[in-house]
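Working notes, structure below.
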Amino acid sequence: MPKHEFDTRLDHCHRHLEAFLETRPANTSDWRVLELGTGWFPTVPVGLYLCGAAEIWTFDIAPLLRSVQVKLMLDRFAESERSGELQKRLPRLRPERLAKLREFSASWDGHSPAALLEKMSIHFHVRDAQQTGLESRSVDLFVSTAVIEYIPRAILKSILQEFKRLGSAGAVQSHYINLCDHYSYFDLSITPFNYLKYPERRWQYLNSPLAWQSRLRICDYRALFAETGHQIIREDNTKGNPEDLRKVRLAADFQHYSLEDLLVLFSWLVARPAAEEK
């Protein structure tokens with residue numbers, strides 16, 4: 001795990017937490033979290049534990065946790081603490097939780113990442129988040145970091161419906177979404193909008209099953225949240241270069257989108273149940 005990636009994950013953790021605290025400043029004790037997409041490095045759940053989360057569930061459809069990666073993550077936490085960077089990136093960090101993390105890390109035998117996480121009340125599940133098995137109204141904060149762009153629309157709608165069932169009164173969702181063509185990270189000859197030129201029938205053959213991309217645009221996500229009974233209360237977008245978009249001959253599937261929506265490459269969405277809006 002490169003240091004810059006670790007630092008970025010800490011920043012995402014901080015932003016998820018601030019979105020929650022800004023929305024629910026009067027009720028921040030014993031708050032419980034569900035993370036969608038554990039991945040290789042459970043940095044965000046550990047960061048939320050350090051900042052006071054009472055219980056965290058993290059779901060992934062693949063068992064990606066490995067002892068080597070978790071050990072590297074723990075080393076990064078230790079290095080960041082020694083340099084003072086950890087406290088700067090997570091200003092709400094609780095010293096007693098940090099002491100516990102040191103204790104858990106020192107006593108960990110390195111064999112079971114899930115067992116280590118359990119010591120922090122972080123429950124790792126390899127399970128489809130459409131059916132979490134958790135109790136209704138048991139979660140206060142839902143987070144995902146560059147995950148939901150990999151989920152097909154119908155499945156994501158089902159997950160958001162499950163989140164509606166799980167959410168406590170005034171529950172908050174915080175999602176960071178990457179809407180770029182991920183192939184552009186490896187092929188510098190194409191732009192982040194490149195995959196918008198392919199009709200859906202052709203894209204089905206080009207879309208890698210190892211890193212499947214939905215191609216949903218920002219307005220599609222707005223619609224999904226509305227359809228599942230949520231209200232987006234904050235939307236922070238980063239747009240691409242219009243010149244890059246003009247280089248792409250849009251497939252018919254995308255010609256009805258507005259220019260403003262097509263230009264969005266990254267978005268941070270914060271949502272609450274629509275019924276909670278005044």
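Residues are named by chain letter and number: chains run A, B, ... in the order of the structure tokens, numbers start at 1 in each chain, and ligands are numbered from 1 in the order shown.
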
Using only C-alpha atoms, determine which residues lie at most 9 Å from Trp40 in chain A, disregarding the query and same-chain residues fewer than 5 positions distant; provide the list as a compact mmCIF listing (two decimals) with N, CA and C atoms, in the first residue's frame.
# COMPACT_ATOMS: atom_id res chain seq x y z
N PRO A 63 -13.65 -12.29 -1.01
CA PRO A 63 -12.82 -12.36 0.20
C PRO A 63 -11.41 -11.84 -0.07
N LEU A 64 -11.26 -10.53 -0.15
CA LEU A 64 -9.98 -9.94 -0.56
C LEU A 64 -9.01 -9.71 0.60
N LEU A 65 -9.50 -9.74 1.83
CA LEU A 65 -8.59 -9.49 2.96
C LEU A 65 -7.49 -10.54 3.03
N ARG A 66 -6.25 -10.07 3.13
CA ARG A 66 -5.09 -10.94 3.26
C ARG A 66 -4.20 -10.41 4.39
N GLN A 69 -1.52 -7.75 3.36
CA GLN A 69 -2.01 -6.40 3.13
C GLN A 69 -2.42 -5.72 4.44
N VAL A 70 -3.06 -6.47 5.33
CA VAL A 70 -3.49 -5.88 6.60
C VAL A 70 -2.28 -5.50 7.45

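Every protein or nucleic acid residue with an atom no more than 10 Å from Ile177 in chain A, counting only C-alpha atoms and leaving out same-chain residues fewer than 5 positions away, appears here: A:Ser144, A:Thr145, A:Ala146, A:Val147, A:Ile148, A:Glu149, A:Tyr150, A:Ile218, A:Tyr221, A:Asn237, A:Leu265, A:Phe266, A:Ser267, A:Trp268, A:Leu269.
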
Do you have, as JSON lines, the list of residues of range 76-154 of chain A lying at most 10 Å from range 9-16 of chain A, each with its nearest atom pair and that distance in Å to one decimal, counting only C-alpha atoms and ordered by chain then number?
{"residue": "A:Phe77", "atom": "CA", "partner": "A:Leu10", "partner_atom": "CA", "distance": 9.7}
{"residue": "A:Leu86", "atom": "CA", "partner": "A:Leu10", "partner_atom": "CA", "distance": 8.1}
{"residue": "A:Lys88", "atom": "CA", "partner": "A:Asp11", "partner_atom": "CA", "distance": 9.8}
{"residue": "A:Arg89", "atom": "CA", "partner": "A:Asp11", "partner_atom": "CA", "distance": 6.1}
{"residue": "A:Leu90", "atom": "CA", "partner": "A:His14", "partner_atom": "CA", "distance": 5.9}
{"residue": "A:Pro91", "atom": "CA", "partner": "A:His14", "partner_atom": "CA", "distance": 8.2}
{"residue": "A:Arg92", "atom": "CA", "partner": "A:His14", "partner_atom": "CA", "distance": 8.4}
{"residue": "A:Leu93", "atom": "CA", "partner": "A:His14", "partner_atom": "CA", "distance": 9.7}
{"residue": "A:Leu141", "atom": "CA", "partner": "A:His16", "partner_atom": "CA", "distance": 8.6}
{"residue": "A:Phe142", "atom": "CA", "partner": "A:His16", "partner_atom": "CA", "distance": 8.7}
{"residue": "A:Val143", "atom": "CA", "partner": "A:His16", "partner_atom": "CA", "distance": 6.7}
{"residue": "A:Ser144", "atom": "CA", "partner": "A:His16", "partner_atom": "CA", "distance": 8.7}
{"residue": "A:Thr145", "atom": "CA", "partner": "A:His12", "partner_atom": "CA", "distance": 7.3}

Contacts of range 110-122 of chain A within 8 Å, only C-alpha atoms, excl. fewer than 3 positions in-chain, as a PDB file with all heavy atoms, in the first residue's frame:
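Saved as part.pdb:
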ATOM      1  N   PRO A  45     -12.665   1.608   7.661  1.00  0.00           N
ATOM      2  CA  PRO A  45     -13.274   1.107   8.903  1.00  0.00           C
ATOM      3  C   PRO A  45     -12.388   1.301  10.129  1.00  0.00           C
ATOM      4  O   PRO A  45     -12.880   1.677  11.202  1.00  0.00           O
ATOM      5  CB  PRO A  45     -13.505  -0.388   8.612  1.00  0.00           C
ATOM      6  CG  PRO A  45     -13.580  -0.490   7.144  1.00  0.00           C
ATOM      7  CD  PRO A  45     -12.658   0.568   6.610  1.00  0.00           C
ATOM      8  N   VAL A  46     -11.092   1.045   9.986  1.00  0.00           N
ATOM      9  CA  VAL A  46     -10.191   1.232  11.126  1.00  0.00           C
ATOM     10  C   VAL A  46     -10.137   2.709  11.516  1.00  0.00           C
ATOM     11  O   VAL A  46     -10.155   3.056  12.705  1.00  0.00           O
ATOM     12  CB  VAL A  46      -8.783   0.691  10.812  1.00  0.00           C
ATOM     13  CG1 VAL A  46      -7.803   1.046  11.939  1.00  0.00           C
ATOM     14  CG2 VAL A  46      -8.826  -0.825  10.624  1.00  0.00           C
ATOM     15  N   TYR A  49     -13.222   3.517  13.419  1.00  0.00           N
ATOM     16  CA  TYR A  49     -13.090   2.977  14.778  1.00  0.00           C
ATOM     17  C   TYR A  49     -12.270   3.931  15.637  1.00  0.00           C
ATOM     18  O   TYR A  49     -12.655   4.250  16.777  1.00  0.00           O
ATOM     19  CB  TYR A  49     -12.421   1.597  14.742  1.00  0.00           C
ATOM     20  CG  TYR A  49     -11.885   1.163  16.086  1.00  0.00           C
ATOM     21  CD1 TYR A  49     -12.732   0.660  17.071  1.00  0.00           C
ATOM     22  CD2 TYR A  49     -10.530   1.288  16.381  1.00  0.00           C
ATOM     23  CE1 TYR A  49     -12.243   0.285  18.317  1.00  0.00           C
ATOM     24  CE2 TYR A  49     -10.027   0.912  17.626  1.00  0.00           C
ATOM     25  CZ  TYR A  49     -10.887   0.416  18.594  1.00  0.00           C
ATOM     26  OH  TYR A  49     -10.390   0.059  19.822  1.00  0.00           O
ATOM     27  N   ALA A  54     -19.076   2.937  17.242  1.00  0.00           N
ATOM     28  CA  ALA A  54     -19.351   1.877  18.214  1.00  0.00           C
ATOM     29  C   ALA A  54     -19.299   0.502  17.564  1.00  0.00           C
ATOM     30  O   ALA A  54     -18.867  -0.474  18.198  1.00  0.00           O
ATOM     31  CB  ALA A  54     -20.721   2.102  18.850  1.00  0.00           C
ATOM     32  N   GLU A  55     -19.743   0.413  16.311  1.00  0.00           N
ATOM     33  CA  GLU A  55     -19.782  -0.871  15.618  1.00  0.00           C
ATOM     34  C   GLU A  55     -19.770  -0.599  14.121  1.00  0.00           C
ATOM     35  O   GLU A  55     -20.371   0.362  13.643  1.00  0.00           O
ATOM     36  CB  GLU A  55     -21.040  -1.646  16.010  1.00  0.00           C
ATOM     37  CG  GLU A  55     -20.994  -3.116  15.659  1.00  0.00           C
ATOM     38  CD  GLU A  55     -22.058  -3.917  16.407  1.00  0.00           C
ATOM     39  OE1 GLU A  55     -22.970  -3.308  16.999  1.00  0.00           O
ATOM     40  OE2 GLU A  55     -21.973  -5.159  16.387  1.00  0.00           O
ATOM     41  N   ILE A  56     -19.053  -1.456  13.402  1.00  0.00           N
ATOM     42  CA  ILE A  56     -18.899  -1.273  11.960  1.00  0.00           C
ATOM     43  C   ILE A  56     -19.082  -2.616  11.270  1.00  0.00           C
ATOM     44  O   ILE A  56     -18.483  -3.617  11.675  1.00  0.00           O
ATOM     45  CB  ILE A  56     -17.499  -0.708  11.615  1.00  0.00           C
ATOM     46  CG1 ILE A  56     -17.257   0.616  12.345  1.00  0.00           C
ATOM     47  CG2 ILE A  56     -17.354  -0.513  10.103  1.00  0.00           C
ATOM     48  CD1 ILE A  56     -15.808   1.055  12.359  1.00  0.00           C
ATOM     49  N   TRP A  57     -19.911  -2.617  10.216  1.00  0.00           N
ATOM     50  CA  TRP A  57     -20.026  -3.796   9.353  1.00  0.00           C
ATOM     51  C   TRP A  57     -19.449  -3.423   8.005  1.00  0.00           C
ATOM     52  O   TRP A  57     -19.783  -2.366   7.452  1.00  0.00           O
ATOM     53  CB  TRP A  57     -21.487  -4.205   9.182  1.00  0.00           C
ATOM     54  CG  TRP A  57     -22.144  -4.666  10.441  1.00  0.00           C
ATOM     55  CD1 TRP A  57     -22.171  -5.933  10.950  1.00  0.00           C
ATOM     56  CD2 TRP A  57     -22.896  -3.861  11.367  1.00  0.00           C
ATOM     57  NE1 TRP A  57     -22.891  -5.961  12.125  1.00  0.00           N
ATOM     58  CE2 TRP A  57     -23.344  -4.708  12.406  1.00  0.00           C
ATOM     59  CE3 TRP A  57     -23.240  -2.503  11.407  1.00  0.00           C
ATOM     60  CZ2 TRP A  57     -24.102  -4.239  13.469  1.00  0.00           C
ATOM     61  CZ3 TRP A  57     -23.985  -2.030  12.473  1.00  0.00           C
ATOM     62  CH2 TRP A  57     -24.417  -2.897  13.488  1.00  0.00           C
ATOM     63  N   THR A  58     -18.587  -4.273   7.463  1.00  0.00           N
ATOM     64  CA  THR A  58     -18.018  -4.008   6.148  1.00  0.00           C
ATOM     65  C   THR A  58     -18.267  -5.210   5.245  1.00  0.00           C
ATOM     66  O   THR A  58     -17.970  -6.350   5.616  1.00  0.00           O
ATOM     67  CB  THR A  58     -16.520  -3.646   6.234  1.00  0.00           C
ATOM     68  OG1 THR A  58     -16.000  -3.409   4.920  1.00  0.00           O
ATOM     69  CG2 THR A  58     -15.690  -4.703   6.942  1.00  0.00           C
ATOM     70  N   LEU A  65      -9.495  -9.745   1.828  1.00  0.00           N
ATOM     71  CA  LEU A  65      -8.593  -9.489   2.964  1.00  0.00           C
ATOM     72  C   LEU A  65      -7.490 -10.541   3.026  1.00  0.00           C
ATOM     73  O   LEU A  65      -7.756 -11.738   2.996  1.00  0.00           O
ATOM     74  CB  LEU A  65      -9.366  -9.492   4.286  1.00  0.00           C
ATOM     75  CG  LEU A  65     -10.170  -8.251   4.652  1.00  0.00           C
ATOM     76  CD1 LEU A  65     -10.726  -8.401   6.061  1.00  0.00           C
ATOM     77  CD2 LEU A  65      -9.333  -6.987   4.549  1.00  0.00           C
ATOM     78  N   ARG A  66      -6.252 -10.071   3.131  1.00  0.00           N
ATOM     79  CA  ARG A  66      -5.092 -10.939   3.262  1.00  0.00           C
ATOM     80  C   ARG A  66      -4.202 -10.413   4.386  1.00  0.00           C
ATOM     81  O   ARG A  66      -4.085  -9.210   4.596  1.00  0.00           O
ATOM     82  CB  ARG A  66      -4.275 -10.977   1.963  1.00  0.00           C
ATOM     83  CG  ARG A  66      -5.018 -11.519   0.758  1.00  0.00           C
ATOM     84  CD  ARG A  66      -5.244 -13.032   0.862  1.00  0.00           C
ATOM     85  NE  ARG A  66      -5.835 -13.567  -0.367  1.00  0.00           N
ATOM     86  CZ  ARG A  66      -7.132 -13.597  -0.631  1.00  0.00           C
ATOM     87  NH1 ARG A  66      -8.001 -13.086   0.256  1.00  0.00           N
ATOM     88  NH2 ARG A  66      -7.587 -14.108  -1.760  1.00  0.00           N
ATOM     89  N   SER A  67      -3.559 -11.329   5.089  1.00  0.00           N
ATOM     90  CA  SER A  67      -2.712 -10.933   6.222  1.00  0.00           C
ATOM     91  C   SER A  67      -1.604  -9.980   5.798  1.00  0.00           C
ATOM     92  O   SER A  67      -1.283  -9.021   6.512  1.00  0.00           O
ATOM     93  CB  SER A  67      -2.103 -12.179   6.874  1.00  0.00           C
ATOM     94  OG  SER A  67      -3.112 -12.967   7.471  1.00  0.00           O
ATOM     95  N   VAL A  70      -3.058  -6.472   5.327  1.00  0.00           N
ATOM     96  CA  VAL A  70      -3.488  -5.881   6.596  1.00  0.00           C
ATOM     97  C   VAL A  70      -2.280  -5.501   7.449  1.00  0.00           C
ATOM     98  O   VAL A  70      -2.267  -4.450   8.097  1.00  0.00           O
ATOM     99  CB  VAL A  70      -4.423  -6.844   7.349  1.00  0.00           C
ATOM    100  CG1 VAL A  70      -4.722  -6.323   8.750  1.00  0.00           C
ATOM    101  CG2 VAL A  70      -5.733  -7.012   6.575  1.00  0.00           C
ATOM    102  N   LYS A  71      -1.244  -6.330   7.424  1.00  0.00           N
ATOM    103  CA  LYS A  71      -0.013  -5.989   8.156  1.00  0.00           C
ATOM    104  C   LYS A  71       0.590  -4.702   7.596  1.00  0.00           C
ATOM    105  O   LYS A  71       1.038  -3.821   8.368  1.00  0.00           O
ATOM    106  CB  LYS A  71       0.988  -7.141   8.038  1.00  0.00           C
ATOM    107  CG  LYS A  71       2.367  -6.852   8.641  1.00  0.00           C
ATOM    108  CD  LYS A  71       2.283  -6.621  10.152  1.00  0.00           C
ATOM    109  CE  LYS A  71       3.661  -6.650  10.820  1.00  0.00           C
ATOM    110  NZ  LYS A  71       4.568  -5.595  10.304  1.00  0.00           N
ATOM    111  N   LEU A 101      -5.566   0.150  19.299  1.00  0.00           N
ATOM    112  CA  LEU A 101      -5.063  -0.335  18.015  1.00  0.00           C
ATOM    113  C   LEU A 101      -3.619  -0.813  18.147  1.00  0.00           C
ATOM    114  O   LEU A 101      -3.255  -1.861  17.604  1.00  0.00           O
ATOM    115  CB  LEU A 101      -5.162   0.769  16.958  1.00  0.00           C
ATOM    116  CG  LEU A 101      -4.618   0.401  15.563  1.00  0.00           C
ATOM    117  CD1 LEU A 101      -5.390  -0.770  14.967  1.00  0.00           C
ATOM    118  CD2 LEU A 101      -4.663   1.609  14.634  1.00  0.00           C
ATOM    119  N   PHE A 104      -3.801  -4.181  19.912  1.00  0.00           N
ATOM    120  CA  PHE A 104      -4.298  -5.243  19.049  1.00  0.00           C
ATOM    121  C   PHE A 104      -3.256  -5.635  17.998  1.00  0.00           C
ATOM    122  O   PHE A 104      -3.083  -6.811  17.682  1.00  0.00           O
ATOM    123  CB  PHE A 104      -5.586  -4.805  18.344  1.00  0.00           C
ATOM    124  CG  PHE A 104      -6.726  -4.484  19.278  1.00  0.00           C
ATOM    125  CD1 PHE A 104      -7.681  -3.535  18.932  1.00  0.00           C
ATOM    126  CD2 PHE A 104      -6.848  -5.133  20.497  1.00  0.00           C
ATOM    127  CE1 PHE A 104      -8.735  -3.254  19.771  1.00  0.00           C
ATOM    128  CE2 PHE A 104      -7.904  -4.855  21.358  1.00  0.00           C
ATOM    129  CZ  PHE A 104      -8.850  -3.904  20.996  1.00  0.00           C
ATOM    130  N   SER A 105      -2.563  -4.643  17.466  1.00  0.00           N
ATOM    131  CA  SER A 105      -1.552  -4.912  16.447  1.00  0.00           C
ATOM    132  C   SER A 105      -0.396  -5.717  17.020  1.00  0.00           C
ATOM    133  O   SER A 105       0.111  -6.645  16.381  1.00  0.00           O
ATOM    134  CB  SER A 105      -1.021  -3.589  15.866  1.00  0.00           C
ATOM    135  OG  SER A 105      -2.054  -2.840  15.280  1.00  0.00           O
TER     136      SER A 105
END

Just want the 10 Å neighbourhood of range 127-130 of chain A, counted on only C-alpha atoms, with same-chain residues fewer than 4 positions away dropped. Output as a PDB file with N, CA and C atoms, in the first residue's frame.
ATOM      1  N   LEU A  34     -21.994   1.104   8.247  1.00  0.00           N
ATOM      2  CA  LEU A  34     -21.897   0.029   7.267  1.00  0.00           C
ATOM      3  C   LEU A  34     -21.057   0.535   6.107  1.00  0.00           C
ATOM      4  N   GLU A  35     -19.982  -0.202   5.796  1.00  0.00           N
ATOM      5  CA  GLU A  35     -19.154   0.118   4.632  1.00  0.00           C
ATOM      6  C   GLU A  35     -19.463  -0.864   3.512  1.00  0.00           C
ATOM      7  N   LEU A  36     -19.673  -0.332   2.323  1.00  0.00           N
ATOM      8  CA  LEU A  36     -19.878  -1.153   1.129  1.00  0.00           C
ATOM      9  C   LEU A  36     -18.552  -1.237   0.382  1.00  0.00           C
ATOM     10  N   GLY A  37     -17.988  -2.450   0.292  1.00  0.00           N
ATOM     11  CA  GLY A  37     -16.742  -2.642  -0.433  1.00  0.00           C
ATOM     12  C   GLY A  37     -15.514  -2.567   0.459  1.00  0.00           C
ATOM     13  N   THR A  58     -18.587  -4.273   7.463  1.00  0.00           N
ATOM     14  CA  THR A  58     -18.018  -4.008   6.148  1.00  0.00           C
ATOM     15  C   THR A  58     -18.267  -5.210   5.245  1.00  0.00           C
ATOM     16  N   PHE A  59     -18.870  -4.944   4.087  1.00  0.00           N
ATOM     17  CA  PHE A  59     -19.322  -6.001   3.184  1.00  0.00           C
ATOM     18  C   PHE A  59     -18.540  -5.958   1.871  1.00  0.00           C
ATOM     19  N   ASP A  60     -18.216  -7.157   1.387  1.00  0.00           N
ATOM     20  CA  ASP A  60     -17.615  -7.286   0.066  1.00  0.00           C
ATOM     21  C   ASP A  60     -18.088  -8.598  -0.542  1.00  0.00           C
ATOM     22  N   ILE A  61     -18.253  -8.616  -1.862  1.00  0.00           N
ATOM     23  CA  ILE A  61     -18.680  -9.865  -2.502  1.00  0.00           C
ATOM     24  C   ILE A  61     -17.504 -10.807  -2.722  1.00  0.00           C
ATOM     25  N   ALA A  62     -16.277 -10.325  -2.490  1.00  0.00           N
ATOM     26  CA  ALA A  62     -15.081 -11.162  -2.658  1.00  0.00           C
ATOM     27  C   ALA A  62     -14.251 -11.144  -1.388  1.00  0.00           C
ATOM     28  N   PRO A  63     -13.650 -12.287  -1.011  1.00  0.00           N
ATOM     29  CA  PRO A  63     -12.816 -12.356   0.203  1.00  0.00           C
ATOM     30  C   PRO A  63     -11.411 -11.844  -0.070  1.00  0.00           C
ATOM     31  N   ILE A 155     -28.808  -3.882  -9.373  1.00  0.00           N
ATOM     32  CA  ILE A 155     -28.276  -4.374  -8.097  1.00  0.00           C
ATOM     33  C   ILE A 155     -28.051  -3.215  -7.134  1.00  0.00           C
ATOM     34  N   LEU A 156     -27.527  -2.103  -7.654  1.00  0.00           N
ATOM     35  CA  LEU A 156     -27.316  -0.938  -6.792  1.00  0.00           C
ATOM     36  C   LEU A 156     -28.643  -0.431  -6.239  1.00  0.00           C
ATOM     37  N   LYS A 157     -29.681  -0.449  -7.056  1.00  0.00           N
ATOM     38  CA  LYS A 157     -30.998  -0.040  -6.564  1.00  0.00           C
ATOM     39  C   LYS A 157     -31.451  -0.934  -5.419  1.00  0.00           C
ATOM     40  N   SER A 158     -31.231  -2.225  -5.548  1.00  0.00           N
ATOM     41  CA  SER A 158     -31.602  -3.160  -4.490  1.00  0.00           C
ATOM     42  C   SER A 158     -30.791  -2.917  -3.223  1.00  0.00           C
ATOM     43  N   ILE A 159     -29.507  -2.597  -3.381  1.00  0.00           N
ATOM     44  CA  ILE A 159     -28.659  -2.301  -2.215  1.00  0.00           C
ATOM     45  C   ILE A 159     -29.156  -1.044  -1.505  1.00  0.00           C
ATOM     46  N   LEU A 160     -29.489  -0.015  -2.273  1.00  0.00           N
ATOM     47  CA  LEU A 160     -29.982   1.217  -1.658  1.00  0.00           C
ATOM     48  C   LEU A 160     -31.316   0.998  -0.958  1.00  0.00           C
ATOM     49  N   GLN A 161     -32.129   0.105  -1.476  1.00  0.00           N
ATOM     50  CA  GLN A 161     -33.378  -0.244  -0.791  1.00  0.00           C
ATOM     51  C   GLN A 161     -33.086  -0.946   0.530  1.00  0.00           C
ATOM     52  N   GLU A 162     -32.080  -1.810   0.524  1.00  0.00           N
ATOM     53  CA  GLU A 162     -31.669  -2.468   1.773  1.00  0.00           C
ATOM     54  C   GLU A 162     -31.128  -1.442   2.760  1.00  0.00           C
ATOM     55  N   PHE A 163     -30.378  -0.466   2.264  1.00  0.00           N
ATOM     56  CA  PHE A 163     -29.865   0.583   3.143  1.00  0.00           C
ATOM     57  C   PHE A 163     -31.015   1.388   3.749  1.00  0.00           C
TER      58      PHE A 163
END

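Within the 10 Å cut-off around range 245-253 of chain A, using only C-alpha atoms and omitting residues fewer than 5 positions from it on the same chain, the listed residues are Ile190, Thr191, Pro192, Phe193, Asn194, Tyr195, Leu196, Lys197, Tyr198, Pro199, Glu200, Gly240, Leu259, Leu262 and Leu263 of chain A.
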